[in-house]
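Trainee: File name final_0.cif; file contents mmCIF, C-alpha atoms; full text below.
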data_final
loop_
_atom_site.label_atom_id
_atom_site.label_comp_id
_atom_site.auth_asym_id
_atom_site.auth_seq_id
_atom_site.Cartn_x
_atom_site.Cartn_y
_atom_site.Cartn_z
CA MET D 1 160.83 47.89 10.68
CA SER D 2 161.67 50.20 13.55
CA LYS D 3 161.38 49.02 17.09
CA GLU D 4 158.48 51.41 17.65
CA ASN D 5 156.46 50.07 14.72
CA ARG D 6 156.96 46.35 15.00
CA PRO D 7 153.90 44.38 16.04
CA VAL D 8 153.43 43.70 19.74
CA THR D 9 154.20 40.03 20.39
CA ASP D 10 152.79 37.78 23.10
CA GLU D 11 156.22 37.94 24.72
CA ASP D 12 155.96 41.75 24.79
CA LEU D 13 152.52 41.52 26.37
CA THR D 14 153.81 39.01 28.91
CA ALA D 15 156.67 41.33 29.86
CA TYR D 16 154.14 44.17 30.12
CA LEU D 17 151.89 42.13 32.41
CA ASP D 18 154.91 41.09 34.49
CA GLY D 19 156.16 44.64 34.85
CA ALA D 20 159.29 43.62 33.00
CA ALA D 21 158.81 45.71 29.85
CA ASP D 22 160.94 48.82 29.44
CA ASP D 23 159.29 52.22 29.64
CA ALA D 24 158.98 52.71 25.90
CA LEU D 25 157.30 49.34 25.37
CA SER D 26 155.02 49.80 28.36
CA THR D 27 153.86 53.18 27.10
CA ARG D 28 153.29 51.85 23.60
CA ILE D 29 151.27 48.85 24.81
CA ALA D 30 149.23 50.89 27.27
CA ALA D 31 148.28 53.28 24.49
CA ALA D 32 147.56 50.52 21.98
CA LEU D 33 145.30 48.68 24.41
CA GLU D 34 142.99 51.70 24.42
CA THR D 35 142.48 51.61 20.68
CA ASP D 36 143.22 48.09 19.46
CA PRO D 37 140.49 45.54 20.32
CA GLU D 38 142.50 42.65 18.90
CA LEU D 39 145.45 43.51 21.12
CA ALA D 40 143.11 43.91 24.08
CA MET D 41 141.77 40.40 23.46
CA ARG D 42 145.28 38.97 23.32
CA HIS D 43 146.12 40.85 26.49
CA GLN D 44 143.07 39.33 28.16
CA ALA D 45 144.04 35.85 26.93
CA LEU D 46 147.38 36.21 28.68
CA THR D 47 146.01 37.54 31.94
CA ILE D 48 146.07 35.15 34.91
CA ASP D 49 145.57 35.54 38.64
CA LEU D 50 149.08 35.36 40.02
CA ASP D 51 147.87 35.46 43.63
CA ILE D 52 145.96 32.21 43.18
CA LEU D 53 148.90 30.75 41.32
CA ARG D 54 151.24 31.60 44.20
CA SER D 55 148.85 30.26 46.80
CA ALA D 56 148.64 27.01 44.79
CA TYR D 57 152.36 26.59 45.37
CA ASP D 58 152.65 27.82 48.93
CA PHE D 59 154.20 25.36 51.30
CA ASP D 60 150.97 24.80 53.24
CA SER D 61 149.01 23.95 50.12
CA LEU D 62 151.71 21.53 49.00
CA ARG D 63 152.19 20.06 52.48
CA SER D 64 155.88 20.26 51.76
CA PRO D 65 157.98 18.09 54.05
CA ALA D 66 160.19 19.52 56.77
CA PRO D 67 163.90 19.49 56.04
CA PRO D 68 165.33 16.06 56.83
CA GLU D 69 166.75 16.05 60.33
CA ASN D 70 169.71 14.20 58.96
CA LEU D 71 171.02 16.92 56.65
CA ALA D 72 173.89 17.32 59.07
CA ALA D 73 174.39 13.56 59.01
CA ILE D 74 174.44 13.65 55.22
CA LYS D 75 177.18 16.22 55.46
CA THR D 76 179.18 13.95 57.74
CA SER D 77 178.62 10.85 55.69
CA LEU D 78 179.65 12.57 52.50
CA TRP D 79 183.17 13.14 53.70
CA LYS D 80 183.38 9.37 53.95
CA ILE D 81 182.32 8.83 50.36
CA PRO D 82 185.77 8.89 48.77
CA ALA D 83 186.92 6.07 51.05
CA ALA D 84 183.72 4.12 50.49
CA LEU D 85 183.99 4.60 46.75
CA ALA D 86 187.57 3.44 46.77
CA ALA D 87 186.62 0.32 48.71
CA THR D 88 183.71 -0.35 46.40
CA PHE D 89 185.88 0.18 43.35
CA ALA D 90 188.51 -2.26 44.62
CA LEU D 91 185.84 -4.86 45.34
CA GLY D 92 184.24 -4.21 41.97
CA MET D 93 187.51 -4.67 40.11
CA VAL D 94 187.96 -8.14 41.60
CA ALA D 95 184.37 -9.16 41.07
CA MET D 96 184.00 -7.82 37.54
CA ALA D 97 186.41 -10.37 36.14
CA LEU D 98 184.05 -13.12 37.22
CA LEU D 99 180.78 -11.50 36.33
CA ARG D 100 178.58 -11.23 33.32
CA PRO D 101 177.11 -7.84 32.31
CA ALA D 102 173.73 -7.00 33.82
CA PRO D 103 170.65 -7.20 31.60
CA ASP D 104 169.58 -3.74 30.42
CA TRP D 105 166.63 -3.40 32.78
CA VAL D 106 168.69 -4.53 35.78
CA ASP D 107 171.42 -2.10 34.81
CA THR D 108 168.86 0.71 34.63
CA VAL D 109 167.43 -0.16 38.04
CA ALA D 110 170.94 -0.30 39.52
CA SER D 111 171.83 3.08 38.00
CA TYR D 112 168.85 4.58 39.81
CA GLN D 113 169.60 2.78 43.06
CA ALA D 114 173.20 4.02 42.90
CA LEU D 115 171.87 7.49 43.72
CA TYR D 116 170.41 6.26 47.03
CA VAL D 117 172.20 6.69 50.34
CA THR D 118 170.97 5.94 53.84
CA GLU D 119 169.45 9.39 54.18
CA THR D 120 167.33 8.95 51.06
CA LEU D 121 165.22 6.46 53.01
CA SER D 122 165.75 7.51 56.60
CA GLY D 123 162.50 9.49 56.81
CA PRO D 124 159.28 8.02 58.20
CA THR D 125 158.17 4.65 56.85
CA GLN D 126 155.36 4.92 54.32
CA PRO D 127 151.95 4.60 55.98
CA THR D 128 150.54 1.07 55.73
CA GLN D 129 147.46 2.26 53.87
CA LYS D 130 149.60 3.93 51.22
CA SER D 131 151.81 0.88 50.80
CA ALA D 132 148.74 -1.31 50.43
CA ALA D 133 147.37 1.03 47.76
CA VAL D 134 150.62 0.94 45.79
CA LEU D 135 150.94 -2.83 46.05
CA GLY D 136 147.28 -3.22 45.10
CA GLN D 137 147.92 -1.18 41.99
CA ALA D 138 151.05 -3.22 41.30
CA LYS D 139 148.99 -6.40 41.47
CA GLU D 140 146.55 -4.99 38.93
CA MET D 141 149.36 -3.98 36.61
CA LEU D 142 151.60 -7.02 36.81
CA GLY D 143 149.42 -9.70 38.38
CA VAL D 144 151.87 -10.32 41.20
CA ASP D 145 150.93 -10.17 44.88
CA LEU D 146 153.82 -8.39 46.57
CA GLY D 147 152.26 -8.15 50.04
CA ALA D 148 154.83 -10.49 51.55
CA ALA D 149 157.68 -8.26 50.40
CA ILE D 150 156.94 -5.81 53.19
CA ASP D 151 158.15 -8.24 55.85
CA ILE D 152 161.64 -9.47 54.98
CA ASN D 153 164.11 -10.76 57.54
CA GLY D 154 167.15 -8.50 57.65
CA LEU D 155 165.54 -5.60 55.81
CA THR D 156 163.32 -2.82 57.13
CA PHE D 157 160.58 -1.83 54.71
CA LYS D 158 160.51 1.91 53.96
CA ARG D 159 158.17 2.43 51.03
CA ALA D 160 156.74 1.16 47.76
CA GLN D 161 156.29 3.27 44.68
CA ILE D 162 155.43 2.93 41.02
CA LEU D 163 157.99 4.07 38.50
CA ALA D 164 158.35 3.20 34.83
CA ILE D 165 161.00 1.75 32.61
CA ASP D 166 160.77 2.00 28.85
CA GLY D 167 157.11 2.89 29.25
CA GLN D 168 156.35 -0.20 31.36
CA PRO D 169 155.38 -0.01 35.02
CA LEU D 170 158.15 -0.80 37.46
CA ILE D 171 157.36 -1.37 41.12
CA GLN D 172 160.12 -0.35 43.51
CA ILE D 173 160.05 -1.47 47.14
CA ALA D 174 162.74 0.24 49.16
CA TYR D 175 164.40 -0.97 52.36
CA LEU D 176 167.24 -0.19 54.72
CA ASP D 177 169.25 -2.95 56.34
CA ASP D 178 170.38 -2.82 59.96
CA ASP D 179 173.50 -0.92 58.93
CA GLY D 180 171.51 1.66 56.98
CA VAL D 181 172.42 0.27 53.57
CA PRO D 182 169.65 1.00 51.03
CA PHE D 183 168.19 -1.96 49.14
CA ALA D 184 165.48 -2.05 46.50
CA PHE D 185 163.36 -4.90 45.24
CA CYS D 186 161.97 -4.08 41.81
CA ILE D 187 159.47 -5.85 39.58
CA THR D 188 158.62 -5.22 35.96
CA ALA D 189 157.52 -7.09 32.85
CA ALA D 190 160.49 -8.93 31.33
CA SER D 191 160.78 -11.43 28.52
CA ALA D 192 164.15 -13.08 28.65
CA GLY D 193 165.90 -15.19 31.23
CA GLY D 194 164.81 -17.44 34.03
CA ASP D 195 167.92 -18.35 35.96
CA MET D 196 169.02 -16.51 39.02
CA ARG D 197 171.66 -14.10 37.84
CA GLN D 198 174.14 -12.26 40.04
CA VAL D 199 176.13 -9.29 38.78
CA MET D 200 177.72 -6.14 40.08
CA SER D 201 176.11 -3.17 38.37
CA HIS D 202 176.97 0.45 39.07
CA ASP D 203 179.06 -0.81 41.99
CA LEU D 204 175.99 -2.45 43.53
CA ALA D 205 175.29 -6.13 44.05
CA THR D 206 172.25 -7.29 42.09
CA GLN D 207 170.41 -10.55 41.79
CA SER D 208 167.71 -10.90 39.17
CA TRP D 209 165.44 -13.57 37.83
CA VAL D 210 162.41 -13.90 35.57
CA ASP D 211 159.29 -15.93 36.34
CA ASN D 212 156.27 -16.09 34.04
CA GLY D 213 157.16 -12.95 32.16
CA ILE D 214 157.89 -10.92 35.29
CA GLY D 215 161.41 -9.76 36.03
CA TYR D 216 162.55 -9.41 39.63
CA VAL D 217 165.71 -7.75 40.88
CA LEU D 218 167.10 -7.17 44.33
CA VAL D 219 169.81 -4.51 44.42
CA GLY D 220 171.83 -3.04 47.25
CA GLY D 221 175.18 -3.06 48.99
CA THR D 222 178.26 -4.65 47.52
CA ASP D 223 177.93 -8.22 48.84
CA LEU D 224 176.73 -10.59 46.12
CA ASN D 225 176.40 -13.40 48.63
CA ARG D 226 174.07 -11.29 50.73
CA VAL D 227 171.75 -10.36 47.84
CA GLY D 228 171.74 -14.04 46.95
CA ILE D 229 170.51 -15.04 50.41
CA LEU D 230 167.94 -12.24 50.53
CA SER D 231 166.74 -13.04 47.03
CA ALA D 232 166.06 -16.62 48.02
CA GLN D 233 163.86 -15.28 50.78
CA PHE D 234 161.98 -13.04 48.35
CA ARG D 235 161.55 -15.87 45.87
CA GLY D 236 160.23 -18.16 48.59
CA LEU D 237 157.72 -15.62 49.84
CA LEU D 238 156.39 -14.60 46.45
CA MET F 1 201.96 35.01 46.52
CA ASN F 2 203.91 31.90 47.34
CA THR F 3 202.47 28.49 46.59
CA ARG F 4 201.83 27.60 50.20
CA GLY F 5 199.90 30.85 50.74
CA GLY F 6 197.83 30.17 47.65
CA GLU F 7 197.03 26.66 48.85
CA LEU F 8 195.97 28.00 52.22
CA ILE F 9 193.60 30.48 50.62
CA ARG F 10 192.13 27.78 48.37
CA TRP F 11 191.69 25.52 51.40
CA LEU F 12 189.95 28.28 53.37
CA ARG F 13 187.72 29.08 50.41
CA LYS F 14 186.68 25.44 50.07
CA LYS F 15 186.05 25.19 53.80
CA SER F 16 183.98 28.34 53.71
CA ALA F 17 181.98 27.13 50.70
CA ARG F 18 181.19 23.86 52.43
CA ALA F 19 180.03 25.70 55.54
CA VAL F 20 177.80 28.01 53.50
CA VAL F 21 176.21 25.08 51.66
CA ALA F 22 175.74 22.95 54.79
CA ASP F 23 174.29 25.86 56.76
CA GLY F 24 172.01 26.99 53.98
CA LEU F 25 170.47 23.66 53.00
CA PRO F 26 167.91 23.24 55.82
CA ASP F 27 166.33 26.65 55.21
CA LEU F 28 166.25 26.18 51.46
CA TYR F 29 165.02 22.59 51.59
CA PRO F 30 161.26 23.37 51.25
CA ARG F 31 161.91 25.49 48.16
CA LEU F 32 164.22 22.86 46.74
CA TRP F 33 161.59 20.17 47.37
CA ARG F 34 158.94 22.31 45.66
CA PHE F 35 161.23 22.75 42.66
CA CYS F 36 161.70 18.97 42.57
CA LEU F 37 157.94 18.41 42.83
CA VAL F 38 157.36 20.65 39.83
CA LEU F 39 160.05 18.77 37.92
CA THR F 40 158.97 15.25 38.80
CA ARG F 41 155.23 15.76 39.44
CA ASP F 42 155.41 13.13 42.16
CA ARG F 43 155.97 13.51 45.89
CA ASN F 44 158.11 10.40 46.31
CA MET F 45 160.28 11.33 43.38
CA ALA F 46 160.50 14.89 44.72
CA ASP F 47 161.68 13.50 48.07
CA ASP F 48 164.33 11.43 46.31
CA LEU F 49 165.48 14.19 44.03
CA ALA F 50 165.65 16.78 46.82
CA GLN F 51 167.71 14.40 48.96
CA MET F 52 169.98 13.52 46.08
CA THR F 53 170.43 17.20 45.31
CA CYS F 54 171.45 17.90 48.89
CA GLU F 55 173.93 15.05 48.78
CA ARG F 56 175.35 16.17 45.46
CA ALA F 57 175.53 19.78 46.69
CA LEU F 58 177.43 18.77 49.81
CA ALA F 59 179.76 16.53 47.84
CA LYS F 60 180.47 19.34 45.39
CA ALA F 61 180.29 22.14 47.94
CA ASP F 62 183.77 23.38 47.14
CA LYS F 63 182.48 24.29 43.67
CA PHE F 64 179.97 26.71 45.20
CA MET F 65 181.04 30.35 45.15
CA PRO F 66 180.16 31.99 48.48
CA GLY F 67 178.43 35.27 47.81
CA THR F 68 176.38 33.86 44.94
CA ASP F 69 172.83 32.54 45.34
CA LEU F 70 172.72 29.09 46.90
CA ASP F 71 169.11 28.53 45.79
CA ARG F 72 170.01 29.07 42.14
CA TRP F 73 172.92 26.67 42.49
CA LEU F 74 170.73 24.00 44.10
CA PHE F 75 168.01 24.35 41.48
CA THR F 76 170.60 23.94 38.74
CA ILE F 77 171.97 20.80 40.40
CA ALA F 78 168.47 19.35 40.84
CA ARG F 79 167.58 20.03 37.24
CA ARG F 80 170.78 18.51 35.90
CA LEU F 81 170.40 15.50 38.17
CA TRP F 82 166.89 14.99 36.89
CA LEU F 83 167.76 15.47 33.23
CA ASN F 84 171.07 13.66 33.12
CA ASP F 85 170.96 10.99 35.79
CA ILE F 86 167.38 10.13 36.52
CA ARG F 87 165.35 10.82 33.42
CA ALA F 88 168.17 9.63 31.23
CA ALA F 89 168.12 6.38 33.17
CA LYS F 90 164.59 5.94 31.83
CA VAL F 91 163.21 5.29 35.27
CA ARG F 92 160.68 7.92 36.07
CA GLN F 93 157.02 8.36 36.76
CA GLY F 94 155.39 6.62 33.85
CA ALA F 95 153.25 8.36 31.33
CA GLY F 96 149.71 7.17 31.73
CA LEU F 97 150.24 5.75 35.20
CA VAL F 98 148.06 7.07 37.95
CA ALA F 99 150.29 8.99 40.29
CA ILE F 100 148.85 7.99 43.63
CA GLU F 101 150.66 10.81 45.35
CA ASP F 102 149.05 13.36 43.07
CA SER F 103 145.60 12.53 44.29
CA ASP F 104 146.85 12.70 47.86
CA LEU F 105 147.74 16.34 47.55
CA ALA F 106 144.14 17.31 48.14
CA ASP F 107 143.70 15.19 51.26
CA GLU F 108 142.54 16.84 54.42
CA LYS F 109 142.59 20.24 52.83
CA PRO F 110 140.25 23.01 53.99
CA THR F 111 137.42 23.38 51.53
CA ALA F 112 137.46 27.16 51.38
CA GLU F 113 136.79 28.39 47.88
CA ALA F 114 140.23 29.97 47.58
CA ASN F 115 141.85 26.64 48.40
CA ILE F 116 139.75 24.81 45.84
CA PHE F 117 140.81 27.36 43.24
CA ALA F 118 144.45 27.04 44.27
CA ARG F 119 144.25 23.27 44.01
CA GLU F 120 142.73 23.47 40.56
CA VAL F 121 145.35 25.95 39.41
CA PHE F 122 148.06 23.66 40.78
CA ASP F 123 146.63 20.71 38.84
CA LEU F 124 146.45 22.87 35.76
CA VAL F 125 150.02 24.11 35.93
CA GLN F 126 151.29 20.59 36.59
CA THR F 127 149.82 19.51 33.25
CA LEU F 128 151.94 22.04 31.37
CA PRO F 129 155.13 20.87 29.64
CA GLU F 130 158.08 20.57 32.02
CA ALA F 131 159.85 23.59 30.54
CA GLN F 132 156.83 25.84 31.02
CA ARG F 133 155.91 24.78 34.55
CA LEU F 134 159.51 25.18 35.72
CA THR F 135 159.66 28.66 34.26
CA VAL F 136 156.32 29.55 35.86
CA LEU F 137 157.59 28.34 39.22
CA LEU F 138 160.84 30.27 39.02
CA VAL F 139 159.37 33.57 37.83
CA TYR F 140 155.86 33.72 39.29
CA VAL F 141 156.22 31.69 42.47
CA GLU F 142 159.90 32.06 43.35
CA GLY F 143 159.98 35.64 42.09
CA HIS F 144 163.14 35.35 40.01
CA SER F 145 163.74 37.85 37.24
CA TYR F 146 163.64 36.67 33.65
CA ARG F 147 167.43 36.90 33.61
CA ASP F 148 167.86 34.79 36.76
CA ALA F 149 165.39 32.18 35.54
CA ALA F 150 167.26 32.03 32.24
CA ALA F 151 170.52 31.44 34.10
CA ILE F 152 169.07 28.66 36.26
CA LEU F 153 167.46 26.93 33.29
CA GLU F 154 170.47 27.60 31.06
CA ILE F 155 168.34 29.13 28.30
CA PRO F 156 168.13 32.57 26.64
CA VAL F 157 165.93 35.26 28.25
CA GLY F 158 163.76 35.25 25.13
CA THR F 159 162.96 31.60 25.72
CA VAL F 160 161.87 32.38 29.27
CA MET F 161 159.50 35.01 27.88
CA SER F 162 158.04 32.71 25.23
CA ARG F 163 157.55 29.92 27.79
CA LEU F 164 155.76 32.32 30.12
CA ALA F 165 153.57 33.59 27.31
CA SER F 166 152.62 30.02 26.37
CA ALA F 167 151.95 29.11 29.99
CA ARG F 168 149.86 32.23 30.54
CA LYS F 169 147.74 31.43 27.49
CA ALA F 170 147.19 27.84 28.59
CA ILE F 171 146.33 28.78 32.17
CA SER F 172 144.07 31.63 31.14
CA ALA F 173 142.20 29.48 28.61
CA ALA F 174 141.73 26.65 31.10
CA ALA F 175 140.65 29.07 33.81
CA ALA F 176 138.05 30.54 31.46
CA ARG F 177 136.76 27.03 30.64
CA THR F 178 136.45 26.05 34.28
CA GLY F 179 135.21 29.38 35.59
CA LEU F 180 138.36 30.00 37.58
CA ASP F 181 138.71 33.42 36.07
CA GLY F 182 135.79 34.57 38.12
#
Please re-express this file's structure in structure tokens.
Mentor:
Amino acid sequence: MSKENRPVTDEDLTAYLDGAADDALSTRIAAALETDPELAMRHQALTIDLDILRSAYDFDSLRSPAPPENLAAIKTSLWKIPAALAATFALGMVAMALLRPAPDWVDTVASYQALYVTETLSGPTQPTQKSAAVLGQAKEMLGVDLGAAIDINGLTFKRAQILAIDGQPLIQIAYLDDDGVPFAFCITAASAGGDMRQVMSHDLATQSWVDNGIGYVLVGGTDLNRVGILSAQFRGLL
Amino acid sequence: MNTRGGELIRWLRKKSARAVVADGLPDLYPRLWRFCLVLTRDRNMADDLAQMTCERALAKADKFMPGTDLDRWLFTIARRLWLNDIRAAKVRQGAGLVAIEDSDLADEKPTAEANIFAREVFDLVQTLPEAQRLTVLLVYVEGHSYRDAAAILEIPVGTVMSRLASARKAISAAAARTGLDG
């Protein structure tokens, strides 16, 4: 079938509507639309108002955030990463010999937390009303009142959000310590375990435990002793 | 060229690339964040992903080729970060969970009819499959050509066209159902 005779596809019509069809195709479609009601219907079914679409995504409509003031600081801190990674690696090598592997869900949480740096959380603290809404929803989902987790000695609360892990809700409460080290306290449904368990995972110190079918993990920094002390505080408050 | 001269040029090129990336990030940040919002469908996750993308871009700045488009490079990093690091880690906004942030998008918005329509169209597009809504963003909102969108998404041009056709059909049908087509 020659190019001129082949049927007009939806992709052809889309290119025509987008002004991206070549001259020959544009001419052919324009002519066919005059005489082919079926093609005209398909053309209509592909027609959308691009002005409204664009206004739906303009920055005002989205209330998009301003660029973080610390982008320059990120730049500075990044040049320090190789040294920090080297230090973390050395510490990890010593610790790993003594440690058990992290449970899967703790490992997954740590892999996510490993992407956090100070600047990830250095924006404004989540409004109280929003935090309360998230924690209220968390209570409905998991039956655990996490209100006390907002006020932890040694950690500054930044925000709470609902994520998911293997299709199950996972509540993440994020903090910075006084040195700007990101920490996260995460809660999800978990079946196994019970004992406090300390491991390094993704070069981060983690402490996890399971109570009544709910798994808890505190992750952040590289100091297992520190997450142990902080975890005791969490466990006492909750 | 002697080895030392070659090293000097490579060093200057890296330094220049880092400067271009660092200087360009603040201006591009809103567009990067919007790209991340379309990917993640959640404002908090978009914040995280945009920040992570900036960090990754600065860390890998010497891979950036000055003279090419920084926005395309950032979008590619964000998308790979999302696909390979975040989504693959199985921690993401859960299917079926109410995204609290989603409902917040409409807060304190003017109630002009055009804004209501825009909001409804936004909601509609955000329900499309990830591949389609990303392509819609790149071509119809960002104004990239089919070829550029294909390069950013690492897919053939024909796939861009078929995604746009599918998205157009879905948006048009939903608009007709809800009276958005006027």
Trainee: If the cut-off is 8 Å, can you tell me the residues of chain D near chain F, counting only C-alpha atoms? I'd like them as a PyMOL selection string.
Mentor: chain D and resi 10-11+14-15+45-50+52-57+59+61-68+71-72+74-75+78-79+108-109+111-112+115-116+119-120+134+161-169
Trainee: Can you tell me how far CA of Thr188 in chain D sits from CA of Leu142 in chain D, in Å to one decimal?
Mentor: 7.3 Å
Trainee: Running the PyMOL selection byres ((chain D and resi 219) around 12) on this model by hand, what would come out? Give it as a ChimeraX atom specification.
Mentor: /D:102,106-114,116,172-176,181-187,197-208,216-218,220-228,230-231
Trainee: Any idea what the distance is between CA of Ala21 in chain D and CA of Ala131 in chain F?
Mentor: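 A separation of 22.2 Å between them.
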Trainee: Just to confirm, what's the straight-line distance from CA of Asp69 in chain F to CA of Pro129 in chain F in Å (one decimal)?
Mentor: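 For CA of Asp69 in chain F relative to CA of Pro129 in chain F, the distance reads 26.4 Å.
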Trainee: Tell me which residues the PyMOL selection byres ((chain D and resi 149) around 8) grabs here, as an MDAnalysis selection string.
Mentor: chainID D and resid 146:148 150:152 173 234 237:238
